[in-house]
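Asks: The structure file input_23.txt (compact mmCIF, C-alpha atoms) is provided below.
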```
# COMPACT_ATOMS: atom_id res chain seq x y z
CA MET A 1 129.63 79.78 82.05
CA GLU A 2 130.10 76.50 80.16
CA ALA A 3 126.36 75.81 80.33
CA MET A 4 125.65 79.22 78.77
CA GLU A 5 128.06 78.48 75.93
CA ILE A 6 126.30 75.17 75.21
CA ASP A 7 122.89 76.90 75.16
CA SER A 8 124.12 79.61 72.82
CA GLN A 9 125.13 76.96 70.27
CA ASN A 10 121.51 75.78 70.06
CA ILE A 11 120.10 79.24 69.35
CA LEU A 12 118.39 79.27 65.95
CA GLN A 13 119.35 82.08 63.61
CA ARG A 14 116.54 83.52 61.49
CA LYS A 15 117.23 83.36 57.77
CA GLN A 16 117.77 86.67 56.00
CA ALA A 17 116.50 87.86 52.60
CA THR A 18 117.12 90.86 50.38
CA TYR A 19 114.21 93.30 50.04
CA SER A 20 113.47 96.15 47.66
CA SER A 21 110.29 98.23 47.49
CA LEU A 22 108.78 98.97 44.07
CA ASP A 23 105.95 101.17 45.36
CA ASP A 24 107.14 104.36 43.68
CA PRO A 25 104.44 104.37 40.92
CA PHE A 26 101.75 104.20 43.61
CA GLU A 27 103.14 107.03 45.76
CA ILE A 28 101.66 110.50 45.32
CA HIS A 29 104.48 112.98 45.88
CA LYS A 30 104.32 116.06 43.68
CA GLU A 31 100.88 115.47 42.20
CA THR A 32 98.68 118.55 42.49
CA TYR A 33 94.93 118.55 42.09
CA ARG A 34 93.78 121.45 39.91
CA GLY A 35 90.23 120.32 39.33
CA GLN A 36 91.21 117.92 36.53
CA GLN A 37 88.68 115.36 35.30
CA TYR A 38 89.13 111.61 35.09
CA SER A 39 89.30 111.62 31.29
CA GLN A 40 93.07 112.15 31.58
CA ILE A 41 93.72 108.79 33.21
CA TYR A 42 91.61 107.06 30.53
CA PHE A 43 93.65 108.78 27.78
CA ALA A 44 96.90 107.71 29.47
CA ARG A 45 95.62 104.13 29.75
CA LEU A 46 94.47 104.03 26.13
CA HIS A 47 97.79 105.42 24.88
CA LEU A 48 99.79 102.82 26.85
CA MET A 49 97.64 99.87 25.89
CA ARG A 50 97.08 100.91 22.25
CA THR A 51 100.83 101.07 21.62
CA LEU A 52 101.14 97.58 23.09
CA LEU A 53 98.19 96.09 21.18
CA TYR A 54 99.36 97.68 17.89
CA SER A 55 102.66 95.82 18.32
CA LEU A 56 100.81 92.51 18.91
CA ALA A 57 98.28 92.90 16.05
CA PRO A 58 100.62 91.95 13.12
CA ASN A 59 101.31 88.54 14.71
CA TRP A 60 97.63 88.07 15.55
CA LYS A 61 96.03 88.94 12.18
CA PRO A 62 98.84 89.99 9.80
CA HIS A 63 96.61 90.45 6.73
CA LEU A 64 94.09 92.87 8.27
CA PRO A 65 94.37 96.67 8.61
CA VAL A 66 94.17 98.47 11.97
CA CYS A 67 91.89 101.51 11.87
CA THR A 68 90.13 103.97 14.16
CA ILE A 69 86.39 103.88 14.85
CA LEU A 70 85.86 106.90 12.58
CA GLU A 71 87.49 105.02 9.69
CA LEU A 72 85.11 102.04 9.87
CA GLU A 73 83.42 101.02 6.62
CA LYS A 74 80.41 98.75 6.25
CA ASP A 75 81.25 95.04 5.69
CA ARG A 76 85.02 95.70 5.64
CA GLU A 77 86.95 93.47 8.03
CA CYS A 78 89.45 95.35 10.18
CA ILE A 79 90.95 95.63 13.67
CA ILE A 80 90.00 98.43 16.07
CA VAL A 81 91.59 99.22 19.43
CA GLY A 82 89.82 101.11 22.19
CA THR A 83 88.49 101.24 25.74
CA LEU A 84 85.39 99.23 26.60
CA TYR A 85 82.40 100.93 28.19
CA LYS A 86 79.76 98.69 29.72
CA HIS A 87 76.21 100.00 29.74
CA MET A 88 74.58 98.45 32.80
CA LYS A 89 70.86 98.61 33.46
CA LEU A 90 71.22 98.01 37.21
CA LYS A 91 74.34 100.06 37.88
CA PRO A 92 73.64 102.42 40.81
CA CYS A 93 73.38 106.09 39.88
CA ILE A 94 73.76 108.95 42.35
CA LEU A 95 70.87 110.79 40.67
CA ASP A 96 68.50 107.93 41.53
CA GLU A 97 68.78 108.88 45.19
CA TYR A 98 67.03 112.15 44.39
CA SER A 99 64.49 110.69 41.97
CA LYS A 100 60.82 110.84 42.95
CA GLU A 101 60.25 107.47 41.31
CA ARG A 102 63.02 105.63 43.13
CA SER A 103 60.49 103.56 45.08
CA VAL A 104 59.37 101.98 41.78
CA THR A 105 62.92 100.77 41.01
CA PRO A 106 63.28 97.07 41.91
CA LEU A 107 65.61 96.21 44.75
CA VAL A 108 68.96 94.92 43.54
CA LYS A 109 71.16 92.43 45.35
CA PRO A 110 74.04 94.56 46.63
CA HIS A 111 76.75 92.05 45.64
CA ASN A 112 76.22 92.14 41.86
CA PHE A 113 74.68 94.53 39.33
CA MET A 114 74.70 92.29 36.25
CA HIS A 115 71.68 92.13 33.93
CA PRO A 116 71.05 90.09 30.73
CA ASP A 117 70.46 93.33 28.78
CA ASP A 118 73.94 94.79 29.51
CA THR A 119 75.79 95.92 26.37
CA LEU A 120 79.35 96.89 25.47
CA VAL A 121 80.62 99.94 23.60
CA LEU A 122 84.16 100.53 22.31
CA GLU A 123 85.59 104.03 22.47
CA ASP A 124 88.78 105.63 21.14
CA ASP A 125 89.97 109.19 20.45
CA SER A 126 87.82 109.45 17.30
CA GLY A 127 84.46 108.12 18.49
CA ARG A 128 82.52 105.18 19.87
CA VAL A 129 80.68 102.20 18.42
CA LYS A 130 78.21 99.69 19.87
CA LEU A 131 79.49 96.11 19.86
CA SER A 132 77.46 93.07 18.84
CA GLY A 133 77.96 89.33 18.44
CA SER A 134 78.48 86.46 20.88
CA VAL A 135 82.30 86.53 20.98
CA LEU A 136 82.65 89.43 23.43
CA LEU A 137 80.57 88.61 26.50
CA PRO A 138 79.40 91.58 28.63
CA SER A 139 79.42 89.31 31.70
CA ILE A 140 83.24 88.96 31.52
CA TYR A 141 84.35 92.52 30.72
CA VAL A 142 84.03 95.79 32.62
CA THR A 143 84.33 99.48 31.81
CA GLY A 144 87.96 100.54 31.45
CA VAL A 145 89.47 97.45 29.79
CA VAL A 146 91.45 98.17 26.59
CA VAL A 147 91.24 95.49 23.87
CA ALA A 148 91.78 94.96 20.14
CA LEU A 149 88.75 93.66 18.22
CA LEU A 150 88.47 91.97 14.84
CA GLY A 151 85.19 92.46 13.02
CA LYS A 152 83.19 94.61 10.63
CA GLU A 153 80.52 97.29 10.70
CA THR A 154 76.95 96.09 10.13
CA ASP A 155 73.98 97.74 8.41
CA ALA A 156 72.69 98.80 11.82
CA GLY A 157 75.92 100.72 12.53
CA ASP A 158 77.14 98.22 15.15
CA PHE A 159 80.55 96.55 15.08
CA LEU A 160 80.14 92.77 14.78
CA VAL A 161 82.98 91.27 16.84
CA GLN A 162 84.54 88.10 15.40
CA ASP A 163 87.63 87.81 17.61
CA VAL A 164 89.24 89.51 20.62
CA LEU A 165 92.88 90.23 21.42
CA GLU A 166 93.84 90.99 25.02
CA ALA A 167 97.27 92.21 26.03
CA GLY A 168 98.06 88.95 27.84
CA LEU A 169 100.52 88.44 30.69
CA PRO A 170 103.38 90.98 30.63
CA PRO A 171 107.03 89.91 30.34
CA GLN A 172 108.49 88.36 33.49
CA ILE A 173 111.96 88.56 35.01
CA GLU A 174 113.37 85.05 34.96
CA HIS A 175 114.10 83.11 38.15
CA SER A 176 117.72 82.87 39.19
CA LEU A 177 119.14 79.48 38.20
CA LYS A 178 121.17 79.08 41.38
CA PRO A 179 119.63 76.68 43.93
CA ARG A 180 117.47 78.36 46.57
CA GLU A 181 116.86 77.45 50.18
CA ASP A 182 113.50 77.38 51.92
CA LYS A 183 112.47 80.89 52.91
CA HIS A 184 108.90 81.85 53.73
CA VAL A 185 106.72 84.96 53.50
CA VAL A 186 103.61 85.09 55.71
CA PHE A 187 100.49 86.93 54.51
CA VAL A 188 97.80 88.06 56.96
CA SER A 189 94.73 90.10 56.12
CA GLY A 190 91.60 91.43 57.78
CA LEU A 191 92.80 91.40 61.40
CA SER A 192 90.08 93.97 62.28
CA VAL A 193 91.66 94.67 65.68
CA GLY A 194 89.00 96.34 67.84
CA GLY A 195 86.11 94.79 65.91
CA SER A 196 83.41 92.51 67.29
CA THR A 197 84.79 89.43 65.46
CA SER A 198 88.42 90.07 66.37
CA ASN A 199 90.10 87.48 68.60
CA PRO A 200 93.26 88.89 70.23
CA LEU A 201 94.35 85.46 71.49
CA GLN A 202 94.18 84.05 67.96
CA PHE A 203 96.43 86.81 66.63
CA GLN A 204 98.81 86.44 69.57
CA LEU A 205 99.19 82.73 68.77
CA LEU A 206 100.11 83.64 65.19
CA ILE A 207 102.68 86.19 66.40
CA ASP A 208 104.16 83.67 68.85
CA HIS A 209 104.50 81.14 66.03
CA ILE A 210 106.12 83.66 63.63
CA THR A 211 108.55 84.94 66.25
CA GLY A 212 109.52 81.41 67.37
CA HIS A 213 107.95 81.44 70.83
CA LEU A 214 105.69 78.44 70.19
CA GLY A 215 106.37 74.75 69.81
CA ASP A 216 109.41 72.53 70.06
CA GLU A 217 112.77 72.82 68.32
CA LYS A 218 111.32 71.57 65.03
CA GLU A 219 108.53 74.18 65.09
CA GLN A 220 111.04 76.90 65.93
CA GLY A 221 113.24 75.72 63.06
CA ILE A 222 110.28 76.24 60.69
CA ALA A 223 109.61 79.69 62.20
CA ALA A 224 113.27 80.63 61.63
CA GLU A 225 112.67 80.22 57.87
CA ILE A 226 110.07 83.04 57.87
CA VAL A 227 111.85 86.07 56.44
CA HIS A 228 108.97 88.52 55.89
CA VAL A 229 105.43 89.30 57.04
CA VAL A 230 102.82 91.20 54.98
CA LEU A 231 99.61 92.64 56.48
CA ALA A 232 97.28 93.09 53.52
CA GLY A 233 94.75 95.67 54.72
CA ASN A 234 91.89 96.12 57.19
CA SER A 235 94.12 95.71 60.24
CA VAL A 236 91.82 97.75 62.50
CA GLU A 237 88.10 98.29 62.88
CA PHE A 238 86.62 101.36 64.55
CA PRO A 239 83.29 101.48 66.41
CA ARG A 240 80.80 102.44 63.69
CA GLY A 241 78.63 104.58 65.95
CA LEU A 242 81.49 107.00 66.66
CA LEU A 243 82.19 107.90 63.03
CA ASN A 244 79.06 109.92 62.32
CA GLY A 245 80.62 113.23 61.29
CA GLN A 246 79.97 114.85 64.69
CA ASN A 247 82.59 116.23 67.08
CA LEU A 248 83.84 113.53 69.42
CA ALA A 249 83.81 113.75 73.18
CA SER A 250 87.16 113.11 74.90
CA LYS A 251 86.10 109.63 76.08
CA ASP A 252 85.04 108.74 72.52
CA GLN A 253 88.37 109.97 71.17
CA SER A 254 90.19 107.54 73.43
CA ARG A 255 87.84 104.74 72.31
CA LEU A 256 88.69 105.59 68.70
CA SER A 257 92.42 105.30 69.31
CA GLU A 258 92.25 102.03 71.25
CA PRO A 259 92.26 99.67 68.20
CA ILE A 260 95.37 101.40 66.78
CA LYS A 261 97.17 101.20 70.13
CA GLU A 262 96.30 97.51 70.45
CA LEU A 263 97.53 96.83 66.90
CA ASP A 264 100.79 98.66 67.60
CA ILE A 265 101.44 96.42 70.63
CA PHE A 266 100.99 93.35 68.41
CA LEU A 267 103.11 94.69 65.55
CA THR A 268 105.95 95.74 67.87
CA GLN A 269 106.42 92.05 68.75
CA VAL A 270 106.68 91.15 65.05
CA ALA A 271 108.92 94.08 64.06
CA ALA A 272 111.32 93.21 66.90
CA SER A 273 111.85 89.82 65.27
CA LEU A 274 111.59 90.18 61.47
CA PRO A 275 110.68 92.58 58.60
CA LEU A 276 107.04 93.62 58.40
CA ASP A 277 105.03 95.41 55.68
CA ILE A 278 101.63 96.90 56.53
CA MET A 279 99.23 97.95 53.74
CA PRO A 280 96.14 100.13 54.22
CA GLY A 281 92.70 98.72 53.46
CA SER A 282 89.19 100.08 53.00
CA ASP A 283 88.54 100.14 56.80
CA ASP A 284 91.91 101.56 57.84
CA PRO A 285 92.66 105.24 58.68
CA ALA A 286 94.00 106.07 55.20
CA ASN A 287 92.74 107.88 52.11
CA PHE A 288 89.74 106.16 50.48
CA SER A 289 90.77 106.34 46.83
CA LEU A 290 93.38 104.11 45.21
CA PRO A 291 96.31 104.07 45.34
CA GLN A 292 96.01 104.28 49.12
CA GLN A 293 99.01 105.99 50.69
CA PRO A 294 101.01 104.44 53.56
CA LEU A 295 99.50 104.60 57.04
CA ASN A 296 101.16 107.38 59.02
CA ARG A 297 104.04 106.06 61.12
CA CYS A 298 102.86 108.26 64.02
CA LEU A 299 100.04 105.75 64.48
CA PHE A 300 102.60 103.11 65.42
CA PRO A 301 105.05 104.64 67.94
CA GLY A 302 106.19 101.24 69.17
CA SER A 303 106.64 99.25 65.97
CA SER A 304 107.87 102.17 63.82
CA ALA A 305 110.92 102.48 66.12
CA TYR A 306 112.27 99.37 64.37
CA ASN A 307 113.79 99.65 60.90
CA THR A 308 112.09 96.35 60.05
CA PHE A 309 108.68 98.10 60.10
CA ARG A 310 107.50 99.44 56.73
CA SER A 311 104.26 101.25 56.07
CA CYS A 312 103.44 100.65 52.39
CA THR A 313 100.95 101.66 49.72
CA ASN A 314 97.95 99.72 48.46
CA PRO A 315 98.60 98.33 45.82
CA HIS A 316 101.99 97.12 47.05
CA CYS A 317 104.83 95.86 44.84
CA PHE A 318 108.15 94.59 46.20
CA GLU A 319 110.89 92.01 45.71
CA VAL A 320 112.18 89.50 48.25
CA ASP A 321 115.30 87.63 47.10
CA ASN A 322 114.53 88.75 43.51
CA ILE A 323 111.03 87.22 43.63
CA ARG A 324 108.56 89.94 42.61
CA LEU A 325 105.34 90.16 44.64
CA LEU A 326 102.38 92.36 43.76
CA GLY A 327 99.20 92.64 45.75
CA THR A 328 96.23 94.67 46.93
CA SER A 329 93.99 94.77 49.98
CA GLY A 330 91.11 93.43 47.89
CA GLN A 331 89.16 96.45 46.66
CA ASN A 332 90.01 95.89 42.98
CA ILE A 333 88.78 92.28 42.94
CA ASP A 334 85.72 92.98 45.12
CA ASP A 335 84.69 95.71 42.67
CA LEU A 336 85.11 93.40 39.67
CA GLU A 337 82.78 90.94 41.41
CA LYS A 338 80.06 93.60 41.55
CA TYR A 339 80.17 94.43 37.84
CA SER A 340 81.15 91.14 36.14
CA GLU A 341 80.95 87.41 36.68
CA ALA A 342 83.50 84.60 37.17
CA LYS A 343 83.61 81.15 38.72
CA ASP A 344 85.79 82.39 41.60
CA LYS A 345 88.05 85.23 42.78
CA LEU A 346 91.11 83.62 41.20
CA GLU A 347 89.54 84.04 37.76
CA PHE A 348 89.06 87.77 38.43
CA MET A 349 92.72 87.98 39.46
CA GLU A 350 93.86 86.20 36.30
CA ARG A 351 91.79 88.58 34.16
CA THR A 352 93.49 91.65 35.65
CA LEU A 353 96.87 90.16 34.73
CA ARG A 354 95.77 89.29 31.18
CA TRP A 355 94.29 92.78 30.77
CA ARG A 356 97.59 94.13 32.21
CA HIS A 357 95.65 96.37 34.54
CA LEU A 358 95.45 96.01 38.30
CA ALA A 359 92.20 97.95 38.74
CA PRO A 360 90.33 98.33 35.42
CA THR A 361 87.14 99.62 37.09
CA THR A 362 88.98 102.74 38.32
CA PRO A 363 87.82 105.49 38.15
CA ASN A 364 84.36 104.41 36.95
CA THR A 365 83.11 102.46 39.97
CA LEU A 366 86.23 102.33 42.16
CA GLY A 367 87.67 105.56 43.51
CA CYS A 368 91.14 106.59 42.38
CA TYR A 369 93.30 109.71 42.28
CA PRO A 370 92.81 111.75 39.05
CA PHE A 371 96.25 111.23 37.53
CA VAL A 372 97.00 113.44 34.52
CA ASP A 373 99.80 111.86 32.51
CA ARG A 374 100.04 108.29 33.79
CA ASP A 375 98.09 105.26 34.94
CA PRO A 376 99.90 103.66 37.90
CA PHE A 377 97.75 100.51 37.74
CA PHE A 378 99.21 99.42 34.37
CA ILE A 379 101.19 96.18 34.89
CA ASP A 380 104.39 96.43 32.85
CA SER A 381 106.26 93.53 34.48
CA CYS A 382 104.68 90.22 35.42
CA PRO A 383 104.97 89.38 39.14
CA HIS A 384 105.94 85.91 40.36
CA VAL A 385 103.33 86.20 43.12
CA TYR A 386 100.03 88.10 42.94
CA PHE A 387 98.04 88.29 46.20
CA VAL A 388 94.72 89.84 47.18
CA GLY A 389 93.63 90.38 50.78
CA ASN A 390 90.33 90.38 52.69
CA GLN A 391 88.68 87.52 50.83
CA ASP A 392 86.07 85.13 52.22
CA LYS A 393 88.26 82.03 51.93
CA TYR A 394 91.75 80.87 51.02
CA LYS A 395 92.33 79.97 47.38
CA THR A 396 95.45 79.59 45.29
CA ASP A 397 96.48 78.63 41.77
CA LEU A 398 99.53 78.67 39.52
CA ILE A 399 98.92 80.15 36.07
CA LYS A 400 101.16 80.05 33.02
CA GLY A 401 101.58 82.68 30.30
CA SER A 402 102.23 82.19 26.57
CA GLU A 403 105.89 83.13 27.02
CA GLY A 404 106.57 80.80 29.94
CA GLN A 405 105.52 83.20 32.71
CA LEU A 406 104.58 81.53 35.99
CA VAL A 407 102.43 83.40 38.52
CA ARG A 408 101.26 82.19 41.91
CA LEU A 409 97.79 83.63 42.66
CA ILE A 410 96.78 83.85 46.34
CA CYS A 411 93.45 84.85 47.91
CA ILE A 412 94.18 85.73 51.55
CA PRO A 413 91.18 85.15 53.84
CA LYS A 414 90.07 87.55 56.58
CA PHE A 415 91.93 86.47 59.70
CA CYS A 416 89.24 87.76 62.08
CA ASP A 417 86.67 85.38 60.49
CA THR A 418 88.84 82.36 59.65
CA GLY A 419 91.97 82.44 61.85
CA VAL A 420 93.94 81.60 58.70
CA ALA A 421 97.25 83.08 57.51
CA VAL A 422 99.01 82.10 54.27
CA VAL A 423 102.64 80.98 54.04
CA LEU A 424 104.54 81.20 50.74
CA ASN A 425 107.80 79.32 50.09
CA LEU A 426 110.07 81.54 47.96
CA ARG A 427 112.07 78.53 46.77
CA ASN A 428 109.28 76.92 44.72
CA LEU A 429 106.32 79.35 45.11
CA GLU A 430 104.31 76.65 46.91
CA CYS A 431 102.00 77.88 49.65
CA HIS A 432 100.03 76.52 52.57
CA THR A 433 97.93 77.89 55.41
CA LEU A 434 98.45 78.40 59.12
CA SER A 435 95.19 77.98 61.06
CA PHE A 436 94.71 79.18 64.63
CA GLY A 437 91.66 78.49 66.75
CA THR A 438 90.68 79.10 70.35
CA GLU A 439 87.92 77.44 72.34
CA PHE A 440 86.65 78.40 75.76
CA SER A 441 84.69 75.86 77.77
CA SER A 442 81.66 77.26 79.52
```
Show me this structure written as structure tokens.

Replies:
Amino acid sequence: MEAMEIDSQNILQRKQATYSSLDDPFEIHKETYRGQQYSQIYFARLHLMRTLLYSLAPNWKPHLPVCTILELEKDRECIIVGTLYKHMKLKPCILDEYSKERSVTPLVKPHNFMHPDDTLVLEDDSGRVKLSGSVLLPSIYVTGVVVALLGKETDAGDFLVQDVLEAGLPPQIEHSLKPREDKHVVFVSGLSVGGSTSNPLQFQLLIDHITGHLGDEKEQGIAAEIVHVVLAGNSVEFPRGLLNGQNLASKDQSRLSEPIKELDIFLTQVAASLPLDIMPGSDDPANFSLPQQPLNRCLFPGSSAYNTFRSCTNPHCFEVDNIRLLGTSGQNIDDLEKYSEAKDKLEFMERTLRWRHLAPTTPNTLGCYPFVDRDPFFIDSCPHVYFVGNQDKYKTDLIKGSEGQLVRLICIPKFCDTGVAVVLNLRNLECHTLSFGTEFSS
């Protein structure tokens, strides 16, 4: 009895953290589809962003008038606000698939559709105008971004851009001044359970580390500081040959459910120990268009029995100990990479924050729900942490806004390819990786 009492004193208690979900804008509850077009979401976006940019314009260029495209006059300097449209020579078109001359069209690299002849057009409620000049580079911007432009109309009828005003980072809730203790959030992405590159042993090692079943007392002490786990999309992978639109035989149906069952066994171990958020990704059994709705809890009979298990939307916004985290499963950044250029994924992420829009290419090249009176991807409050899942490699940076905003950017690599998870310290927003590898001798 005395020995048991001594042992119980050495038991490590996991640290606790407050949690609140901010996914409400991304949840589709009472929305009804009545055949509406996507113009409505563009109007909602323009209205939101125009009001914001109008308020910023007097401090930017106080001596110049703001006018609509219809009010432009030749050689008169003014500011116009509108939505950019990017005319792309190589952008895939559904009609090309039915064209008799499609064999003549040159083959395009599937990862990027940029061309030197791409041009930009600005559009508002009154009309549209072609943009010229070297200030606004087509390689940086995409269709759907709302900006304010300084310039004048030329003899050719173009608008010569002299300067650009973006919305910039939104206001940020300040950090609490009271001293914080070390608490960690673990991000994992691209598990692809059931796929050819998936390594169950690798994932089990990660789970054992998170739940405190690996290592000595020091390692377990570190694991006890983990207060939350986030799975950022593409958790399962189904056999491609089965999903061909045909009716499935009973044996194939069981094969289709195996990856989900295997994932549920893994997640039950995590949920029994600490809070867990799972986001849908492009390969998961969820709706295709953004915002993706939470994976059905019926898929996870084991893990969903715990109140620590949360099935969330993609994008996902939440607060842990008053630190705001915002993230996606990667579709928004992957789509930007196809239609614009940057030095790395972090630069794409920073652009979405400065444009105050999580997925500017929706609904043009990235599927989204046809909202009527709102645009859920508008970023009205700056997160402290902005993460993107299913990337090729781990990258991170800390960016600063003009009003003192600090944002930790994190690219989460695919776990099935790299064996890497990302750990974020909520005390100072520093992050590092956890790498797991397995080798089998022949």

Asks: Show which residues sit within 10 Å of Ile173 (chain A), as a list in words. Count all atoms listed in the file, and ignore same-chain residues fewer than 4 positions away.

Replies: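 The neighbour list is Asn322, Ile323, Arg324, Ser381, Cys382, Pro383, His384 and Gln405 of chain A.
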
Asks: Write the residues of the selection above to a file with C-alpha atoms, as a PDB file, keeping the file's coordinate frame.

Replies:
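The result, written out as again.pdb:
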```pdb
ATOM      1  CA  ASN A 322     114.530  88.750  43.510  1.00  0.00           C
ATOM      2  CA  ILE A 323     111.030  87.220  43.630  1.00  0.00           C
ATOM      3  CA  ARG A 324     108.560  89.940  42.610  1.00  0.00           C
ATOM      4  CA  SER A 381     106.260  93.530  34.480  1.00  0.00           C
ATOM      5  CA  CYS A 382     104.680  90.220  35.420  1.00  0.00           C
ATOM      6  CA  PRO A 383     104.970  89.380  39.140  1.00  0.00           C
ATOM      7  CA  HIS A 384     105.940  85.910  40.360  1.00  0.00           C
ATOM      8  CA  GLN A 405     105.520  83.200  32.710  1.00  0.00           C
TER       9      GLN A 405
END
```

Asks: Select all residues near (85.0, 98.7, 3.4) (cut-off 12 Å, inclusive, file coordinates), counting only C-alpha atoms, and output them as a PyMOL selection string.

Replies: chain A and resi 64-65+67+71-78+151-154

Asks: For Cys411 (chain A), which of A:Ser340, A:Cys298, A:Ser189, A:Asp380 is the closest residue, counting only C-alpha atoms?

Replies: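 That would be A:Ser189, the residue with the smallest distance to Cys411 (chain A).
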
Asks: List as a VMD selection string the protein and nucleic acid residues near Asp283 (chain A), meaning an atom at most 8 Å away when all atoms listed in the file are counted, but skip any in the same chain fewer than 2 places from it.

Replies: chain A and resid 233 to 237 281 285

Asks: What is the CA of Leu191 (chain A) to CA of Leu406 (chain A) distance in Å?

Replies: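 It comes out at 29.7 Å.
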
Asks: Find the residues near region 429-437 of chain A: any atom within 8 Å, counting only C-alpha atoms, skip ones fewer than 5 places away on the same chain, and give them as a PDB file with C-alpha atoms, in the frame of the given file.

Replies:
```
ATOM      1  CA  GLN A 202      94.180  84.050  67.960  1.00  0.00           C
ATOM      2  CA  LEU A 205      99.190  82.730  68.770  1.00  0.00           C
ATOM      3  CA  LEU A 206     100.110  83.640  65.190  1.00  0.00           C
ATOM      4  CA  VAL A 385     103.330  86.200  43.120  1.00  0.00           C
ATOM      5  CA  ARG A 408     101.260  82.190  41.910  1.00  0.00           C
ATOM      6  CA  THR A 418      88.840  82.360  59.650  1.00  0.00           C
ATOM      7  CA  GLY A 419      91.970  82.440  61.850  1.00  0.00           C
ATOM      8  CA  VAL A 420      93.940  81.600  58.700  1.00  0.00           C
ATOM      9  CA  ALA A 421      97.250  83.080  57.510  1.00  0.00           C
ATOM     10  CA  VAL A 422      99.010  82.100  54.270  1.00  0.00           C
ATOM     11  CA  VAL A 423     102.640  80.980  54.040  1.00  0.00           C
ATOM     12  CA  LEU A 424     104.540  81.200  50.740  1.00  0.00           C
TER      13      LEU A 424
END
```

Asks: Would you mind listing what lies within 9 Å of Val145 (chain A) as a PyMOL selection string, with all atoms listed in the file counted and same-chain residues fewer than 2 positions away left out?

Replies: chain A and resi 82-85+141-143+147+355+357+360-361

Asks: If I take CA of Arg34 (chain A) and CA of Val146 (chain A), how far is one from the other in Å, to one decimal?

Replies: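 One can read the CA of Arg34 (chain A) to CA of Val146 (chain A) distance as 26.9 Å.
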
Asks: Smallest atom-to-atom distance to Gln269 (chain A): which of A:Asp208, A:Glu31, A:Glu337, A:Glu403, using only C-alpha atoms?

Replies: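 Distance minimum relative to Gln269 (chain A) lands on A:Asp208.
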